[in-house]
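Peer 1: I'd like to ask some things about the structure below.
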Amino acid sequence: MKANFIGAVIVCALAVVQGSEYVYLDGNNQSCIVVKMDVTFTLSNGTGSVILDGNNFTVISGDCASATEDIASMLLQNSNEDILTLTFLKADNRAVSMSFVFAVSPSYYFPGVPTPNSVNLNDQGDLVMGNDTQLYECNSPQKITLTGDLEGVTYSLVLDMSNTQIQAFNIQGGNLSSDVFVCSADQMTTSVIISTESNSTTPTTGASTQPTTEPPPTTTDIPTPPTPLGKSTYRVMEGSEACLIMEGSFQLSVTYMKKDNSSGSGIVNVPESKNVNVTGKCASVNDTTSQLTITAKDEAIKSMTFNFEIVNDKSRLVSWSAEVSLNSKSFPDAKEDELNHIVNEPINFSDAKVYYKCDTGETFKDGTLGFIVKQFRVQAFNVESGKFSDNGADCKEDVGPVPMTIPNNTFTFTEANNTCIVFKGRIQFSIPYVSKRGNVSELISVPSEFNVTGGSCSTTLNGYLSQNIEITFYDSWNLTIFFSSDGKETELLTAPTKPTKYFISQIQLDYDYNSNLFIDIEDSMVGEKKSVVATNLTMLTTSKDKSYMCNKATTFDLHDGLSMAVTDFQYQAFKDGNTTQFGDANECTGDEDTNNIVPIAVGASLAGLVIIVLIVYLIGRKRDQLHEDSGYEPA
């Protein structure tokens, strides 16, 4: 659940905090919400991070839940007036979940952010905490991640928690419940030690040597989560062609009531496409809704239904539901035999004309069910010829954080234990696009998260010996740089000859337009794939066994109004060996001019000093001459 809390504040209530213990008091001055934890908050903007002390937060308000209410909340604030909202929700089956929202002003922590701006960071999945009469306890380390976007920058807050105790419902007389819901991490790490007598053991004086009659402790087996199945594709058919397609690797997390009335959880695989029947509803010309239903033949998940709609030309998942058999294999301690639940948490996907994609994976959930997806792709509208559209929109998880500054990266390519290319520098593109404000350009940098996915130490380009390196970032962007020598292709047939010089000869960028990187982009451009290439270049030439270095910006025109600027860079191609060290550098003109400023200044200073000494000497000689002419003799 990614809900912002809006609720009444009990004016007469008091709030106190002791260390990492946050307590909210009701009108009778008794605890109604208690959160105890050892916690560190790490706030990041993708390129830098700061640590926020958990002891710097105080409770400023809250809302206790009465016996008939299903929601409670507590608000914490630090000295910079950032607010962390903790919201506790009780589901129909009495299972309790906890969500987090952090309202922060990034300008307090990161330079260059306008002061008035703030952003809400939301959790990526609620914390399941047992039922409404239980104390949640987790001594093991846990991480809760909150994310949010502001002006194209993704901010995140990571809560590193341990020794955690939380209760928000049914605290009797201010005392925490003795019925404890132990988190799965603690359950998996807790071992049971059973003592057995050994004949070689000498009993301690005064201790009883009679065997104990107390039965050994027992444990309840916790089902191991299944390995996710391979990719499945579900198609709703209209005649002989698909009109709605959803594919990926799918699992379902289930929170249920156990036989002892505590809360349990488990994960099951969503059946593969070959083991289900798919039905549904296609959107007609004037219709804005569609539906997909899978019915399993013989699985723990009996059926799942997904409802989609178009809102403001955007496709979104309005709601989804599941019918689950709580069988003894997957849920051995379940109180009920079956669970039917609807999740009403709308999820925005993409422009309705393209598909939505998330390879990294994400989870759509509430306090009872979680739909866990990987290699996910869905198109619920405008499917043509029974296939996904040519263009698609990436989820934020695939694209990754957008850096505020330009990272200084090092790219290397190695083939057959030979590192033939090393390229270091800050790379930024100026890319034109159509926004809702008109024709604009966006500056987009190569992030610090990238992969060298291809290249060659021995190829040809336009008849000359060449090498190239391919860099992949932002999920599907590819930058390929070619380096060519003065050696012709025919030399490949003879003994290898090192080139006397080489240079950057071709640059190609393959990219796509998405709303994560391009601010206010026109919906019609979202998912559009583009490729630009600059050929027949002869730039930044250097000699064999040497590198090329330039600190000032060098700009490459890649056509169609797109350019690439590189600063603080150095490169070397046609290298031998497996080292990433650069050879002696040929510097660019701008750097050479800068380097010559100091010796020129020093030379000019020395020349001026010589002139001053000469003038003083001549003046002295002139005065002596005048004295001699006047007949003056010193005493």
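Order determines the names: the first chain of the structure tokens is A, the second B, and so forth; residues in each chain are numbered 1 upward, and ligands are numbered 1 upward as they are shown.
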From a DSSP pass on the backbone, collect the residues of range 335-524 of chain A flagged as strand (DSSP E or B) and hand them back as a ChimeraX atom specification.
Peer 2: /A:338-343,347-351,355-358,362-365,369-379,384,387,392-394,409-415,418-435,438-445,451-461,464-473,477-488,501-512,521
Peer 1: What's the 10 Å shell around Lys274 in chain A, counting only C-alpha atoms, without same-chain residues fewer than 4 positions away, as a PyMOL selection string?
Peer 2: chain A and resi 232-234+278+296-297
Peer 1: Return the single residue from A:Ser249, A:Asn286, A:Ser445, A:Asn131 that is closest to Arg377 in chain A, with distances computed using only C-alpha atoms.
Peer 2: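 Checking each candidate against Arg377 in chain A, we get A:Ser249 as the closest.
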Peer 1: Residues within 8 Å of Asn391 in chain A, please, as a list of chain:residue names. Count only C-alpha atoms; anything in the same chain fewer than 4 positions from it doesn't count.
Peer 2: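 Those residues are A:Val354, A:Tyr355, A:Val526, A:Gly527, A:Glu528, A:Lys529.
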Peer 1: For range 156-169 of chain A, work out the shell of residues within 8 Å, counting only C-alpha atoms and skipping chain neighbours fewer than 4 positions away, then give it as number ranges by chain.
Peer 2: A: 32-46, 64-65, 72, 88, 102, 121, 132-148, 176
Peer 1: Pull N, CA and C atoms from the residues just selected and write them as an mmCIF file, in the first residue's frame.
Peer 2:
```
data_model
loop_
_atom_site.group_PDB
_atom_site.id
_atom_site.type_symbol
_atom_site.label_atom_id
_atom_site.label_comp_id
_atom_site.auth_asym_id
_atom_site.auth_seq_id
_atom_site.Cartn_x
_atom_site.Cartn_y
_atom_site.Cartn_z
ATOM 1 N N CYS A 32 -0.954 3.654 23.090
ATOM 2 C CA CYS A 32 -1.838 3.019 22.109
ATOM 3 C C CYS A 32 -1.078 2.597 20.856
ATOM 4 N N ILE A 33 0.094 3.190 20.621
ATOM 5 C CA ILE A 33 0.980 2.786 19.523
ATOM 6 C C ILE A 33 2.408 2.785 20.076
ATOM 7 N N VAL A 34 3.101 1.665 19.903
ATOM 8 C CA VAL A 34 4.481 1.553 20.381
ATOM 9 C C VAL A 34 5.353 1.023 19.244
ATOM 10 N N VAL A 35 6.433 1.727 18.970
ATOM 11 C CA VAL A 35 7.413 1.292 17.963
ATOM 12 C C VAL A 35 8.789 1.367 18.612
ATOM 13 N N LYS A 36 9.421 0.211 18.824
ATOM 14 C CA LYS A 36 10.769 0.134 19.378
ATOM 15 C C LYS A 36 11.684 -0.485 18.333
ATOM 16 N N MET A 37 12.819 0.137 18.099
ATOM 17 C CA MET A 37 13.755 -0.420 17.121
ATOM 18 C C MET A 37 15.107 0.270 17.223
ATOM 19 N N ASP A 38 16.142 -0.447 16.826
ATOM 20 C CA ASP A 38 17.423 0.171 16.539
ATOM 21 C C ASP A 38 17.410 0.478 15.050
ATOM 22 N N VAL A 39 17.428 1.754 14.690
ATOM 23 C CA VAL A 39 17.201 2.114 13.292
ATOM 24 C C VAL A 39 18.159 3.210 12.854
ATOM 25 N N THR A 40 18.613 3.083 11.611
ATOM 26 C CA THR A 40 19.381 4.125 10.930
ATOM 27 C C THR A 40 18.685 4.442 9.619
ATOM 28 N N PHE A 41 18.518 5.722 9.342
ATOM 29 C CA PHE A 41 17.894 6.164 8.100
ATOM 30 C C PHE A 41 18.986 6.640 7.147
ATOM 31 N N THR A 42 19.014 6.094 5.925
ATOM 32 C CA THR A 42 19.981 6.523 4.914
ATOM 33 C C THR A 42 19.223 7.155 3.755
ATOM 34 N N LEU A 43 19.422 8.454 3.553
ATOM 35 C CA LEU A 43 18.765 9.195 2.488
ATOM 36 C C LEU A 43 19.735 9.347 1.322
ATOM 37 N N SER A 44 19.275 9.013 0.100
ATOM 38 C CA SER A 44 20.160 9.031 -1.075
ATOM 39 C C SER A 44 19.465 9.727 -2.228
ATOM 40 N N ASN A 45 20.280 10.366 -3.085
ATOM 41 C CA ASN A 45 19.757 10.962 -4.317
ATOM 42 C C ASN A 45 20.297 10.253 -5.559
ATOM 43 N N GLY A 46 20.849 9.057 -5.381
ATOM 44 C CA GLY A 46 21.376 8.291 -6.506
ATOM 45 C C GLY A 46 22.866 8.444 -6.687
ATOM 46 N N CYS A 64 -4.985 7.092 17.398
ATOM 47 C CA CYS A 64 -5.197 5.764 17.952
ATOM 48 C C CYS A 64 -6.439 5.143 17.325
ATOM 49 N N ALA A 65 -6.437 3.837 17.178
ATOM 50 C CA ALA A 65 -7.593 3.128 16.634
ATOM 51 C C ALA A 65 -8.496 2.690 17.770
ATOM 52 N N ALA A 72 -4.686 3.085 12.209
ATOM 53 C CA ALA A 72 -4.010 3.886 13.221
ATOM 54 C C ALA A 72 -2.782 4.503 12.572
ATOM 55 N N PHE A 88 -0.911 2.099 10.086
ATOM 56 C CA PHE A 88 -1.201 0.701 10.420
ATOM 57 C C PHE A 88 -2.615 0.383 9.960
ATOM 58 N N PHE A 102 7.597 9.158 3.800
ATOM 59 C CA PHE A 102 8.564 10.125 4.325
ATOM 60 C C PHE A 102 8.497 11.384 3.471
ATOM 61 N N LEU A 121 8.349 10.139 -0.203
ATOM 62 C CA LEU A 121 8.957 8.850 -0.497
ATOM 63 C C LEU A 121 8.042 7.762 0.050
ATOM 64 N N ASP A 132 -4.284 -8.353 14.874
ATOM 65 C CA ASP A 132 -4.473 -7.113 15.620
ATOM 66 C C ASP A 132 -4.298 -7.257 17.126
ATOM 67 N N THR A 133 -4.148 -8.470 17.637
ATOM 68 C CA THR A 133 -3.931 -8.647 19.079
ATOM 69 C C THR A 133 -2.482 -9.014 19.390
ATOM 70 N N GLN A 134 -1.635 -9.060 18.371
ATOM 71 C CA GLN A 134 -0.267 -9.539 18.566
ATOM 72 C C GLN A 134 0.752 -8.406 18.595
ATOM 73 N N LEU A 135 1.855 -8.677 19.290
ATOM 74 C CA LEU A 135 3.034 -7.829 19.253
ATOM 75 C C LEU A 135 3.948 -8.346 18.148
ATOM 76 N N TYR A 136 4.319 -7.472 17.213
ATOM 77 C CA TYR A 136 5.256 -7.852 16.154
ATOM 78 C C TYR A 136 6.672 -7.733 16.696
ATOM 79 N N GLU A 137 7.460 -8.793 16.497
ATOM 80 C CA GLU A 137 8.836 -8.805 17.005
ATOM 81 C C GLU A 137 9.773 -9.333 15.933
ATOM 82 N N CYS A 138 10.894 -8.635 15.720
ATOM 83 C CA CYS A 138 11.895 -9.073 14.740
ATOM 84 C C CYS A 138 13.262 -8.572 15.191
ATOM 85 N N ASN A 139 14.076 -9.478 15.723
ATOM 86 C CA ASN A 139 15.421 -9.113 16.156
ATOM 87 C C ASN A 139 16.401 -9.068 14.985
ATOM 88 N N SER A 140 16.119 -9.834 13.928
ATOM 89 C CA SER A 140 17.014 -9.880 12.768
ATOM 90 C C SER A 140 17.008 -8.540 12.035
ATOM 91 N N PRO A 141 18.092 -8.228 11.317
ATOM 92 C CA PRO A 141 18.125 -6.987 10.524
ATOM 93 C C PRO A 141 17.077 -7.016 9.420
ATOM 94 N N GLN A 142 16.442 -5.884 9.185
ATOM 95 C CA GLN A 142 15.470 -5.714 8.104
ATOM 96 C C GLN A 142 15.762 -4.408 7.381
ATOM 97 N N LYS A 143 15.426 -4.377 6.112
ATOM 98 C CA LYS A 143 15.565 -3.144 5.327
ATOM 99 C C LYS A 143 14.206 -2.784 4.739
ATOM 100 N N ILE A 144 13.795 -1.549 4.931
ATOM 101 C CA ILE A 144 12.595 -1.008 4.307
ATOM 102 C C ILE A 144 13.044 0.129 3.402
ATOM 103 N N THR A 145 12.670 0.092 2.120
ATOM 104 C CA THR A 145 13.103 1.104 1.157
ATOM 105 C C THR A 145 11.919 1.943 0.706
ATOM 106 N N LEU A 146 12.080 3.264 0.769
ATOM 107 C CA LEU A 146 11.077 4.210 0.310
ATOM 108 C C LEU A 146 11.681 4.998 -0.850
ATOM 109 N N THR A 147 10.903 5.259 -1.886
ATOM 110 C CA THR A 147 11.408 6.007 -3.038
ATOM 111 C C THR A 147 10.391 7.046 -3.486
ATOM 112 N N GLY A 148 10.894 8.074 -4.153
ATOM 113 C CA GLY A 148 10.039 9.110 -4.734
ATOM 114 C C GLY A 148 10.839 9.966 -5.687
ATOM 115 N N LEU A 176 2.220 -4.084 26.325
ATOM 116 C CA LEU A 176 2.307 -4.805 25.064
ATOM 117 C C LEU A 176 1.800 -6.230 25.234
#
```
Peer 1: Of the residues A:His341, A:Tyr155, A:Leu517, A:Ala95, which is the one nearest to Ser107 in chain A, using only C-alpha atoms?
Peer 2: A:Tyr155
Peer 1: Which is closer to Lys314 in chain A than all the others in A:Ser105, A:Asn348, A:Ser328, A:Thr295, using only C-alpha atoms?
Peer 2: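 Using only C-alpha atoms, the shortest distance to Lys314 in chain A belongs to A:Asn348.
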Peer 1: From range 159-376 of chain A, collect each residue whose DSSP state is helix (DSSP H, G or I) and return the set as a list in words.
Peer 2: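 These are the residues in question: Ser184, Ala185, Asp186, Gln187, Met188, Thr189, Ser273, Lys274 and Asn275 of chain A.
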Peer 1: Atoms to include: C-alpha atoms. Write the selected residues as a compact mmCIF listing (two decimals), in the first residue's frame.
Peer 2:
```txt
# COMPACT_ATOMS: atom_id res chain seq x y z
CA SER A 184 10.05 -15.00 9.27
CA ALA A 185 13.73 -13.96 9.43
CA ASP A 186 13.83 -14.79 13.15
CA GLN A 187 11.96 -18.04 12.60
CA MET A 188 14.42 -19.17 9.96
CA THR A 189 17.47 -18.40 12.12
CA SER A 273 0.23 -20.67 -19.03
CA LYS A 274 0.10 -24.32 -20.10
CA ASN A 275 -1.73 -25.21 -16.87
```
Peer 1: Give me the range 512-536 of chain A side of the contact with range 478-482 of chain A, cut-off 12 Å, one line per residue showing its nearest atom pair and distance in Å at one decimal, counting only C-alpha atoms, sorted by chain and residue number, as JSON lines.
Peer 2:
```
{"residue": "A:Asp512", "atom": "CA", "partner": "A:Asn478", "partner_atom": "CA", "distance": 10.0}
{"residue": "A:Lys529", "atom": "CA", "partner": "A:Asn478", "partner_atom": "CA", "distance": 11.5}
{"residue": "A:Lys530", "atom": "CA", "partner": "A:Asn478", "partner_atom": "CA", "distance": 10.8}
{"residue": "A:Ser531", "atom": "CA", "partner": "A:Asn478", "partner_atom": "CA", "distance": 9.3}
{"residue": "A:Val532", "atom": "CA", "partner": "A:Leu479", "partner_atom": "CA", "distance": 10.0}
{"residue": "A:Val533", "atom": "CA", "partner": "A:Thr480", "partner_atom": "CA", "distance": 9.2}
{"residue": "A:Ala534", "atom": "CA", "partner": "A:Ile481", "partner_atom": "CA", "distance": 9.9}
{"residue": "A:Thr535", "atom": "CA", "partner": "A:Phe482", "partner_atom": "CA", "distance": 9.5}
{"residue": "A:Asn536", "atom": "CA", "partner": "A:Phe482", "partner_atom": "CA", "distance": 10.3}
```
Peer 1: Would you please work out which residue, of A:Val23, A:Leu540, A:Ile507, A:Ile469, is nearest to Gly174 in chain A when using only C-alpha atoms?
Peer 2: A:Val23
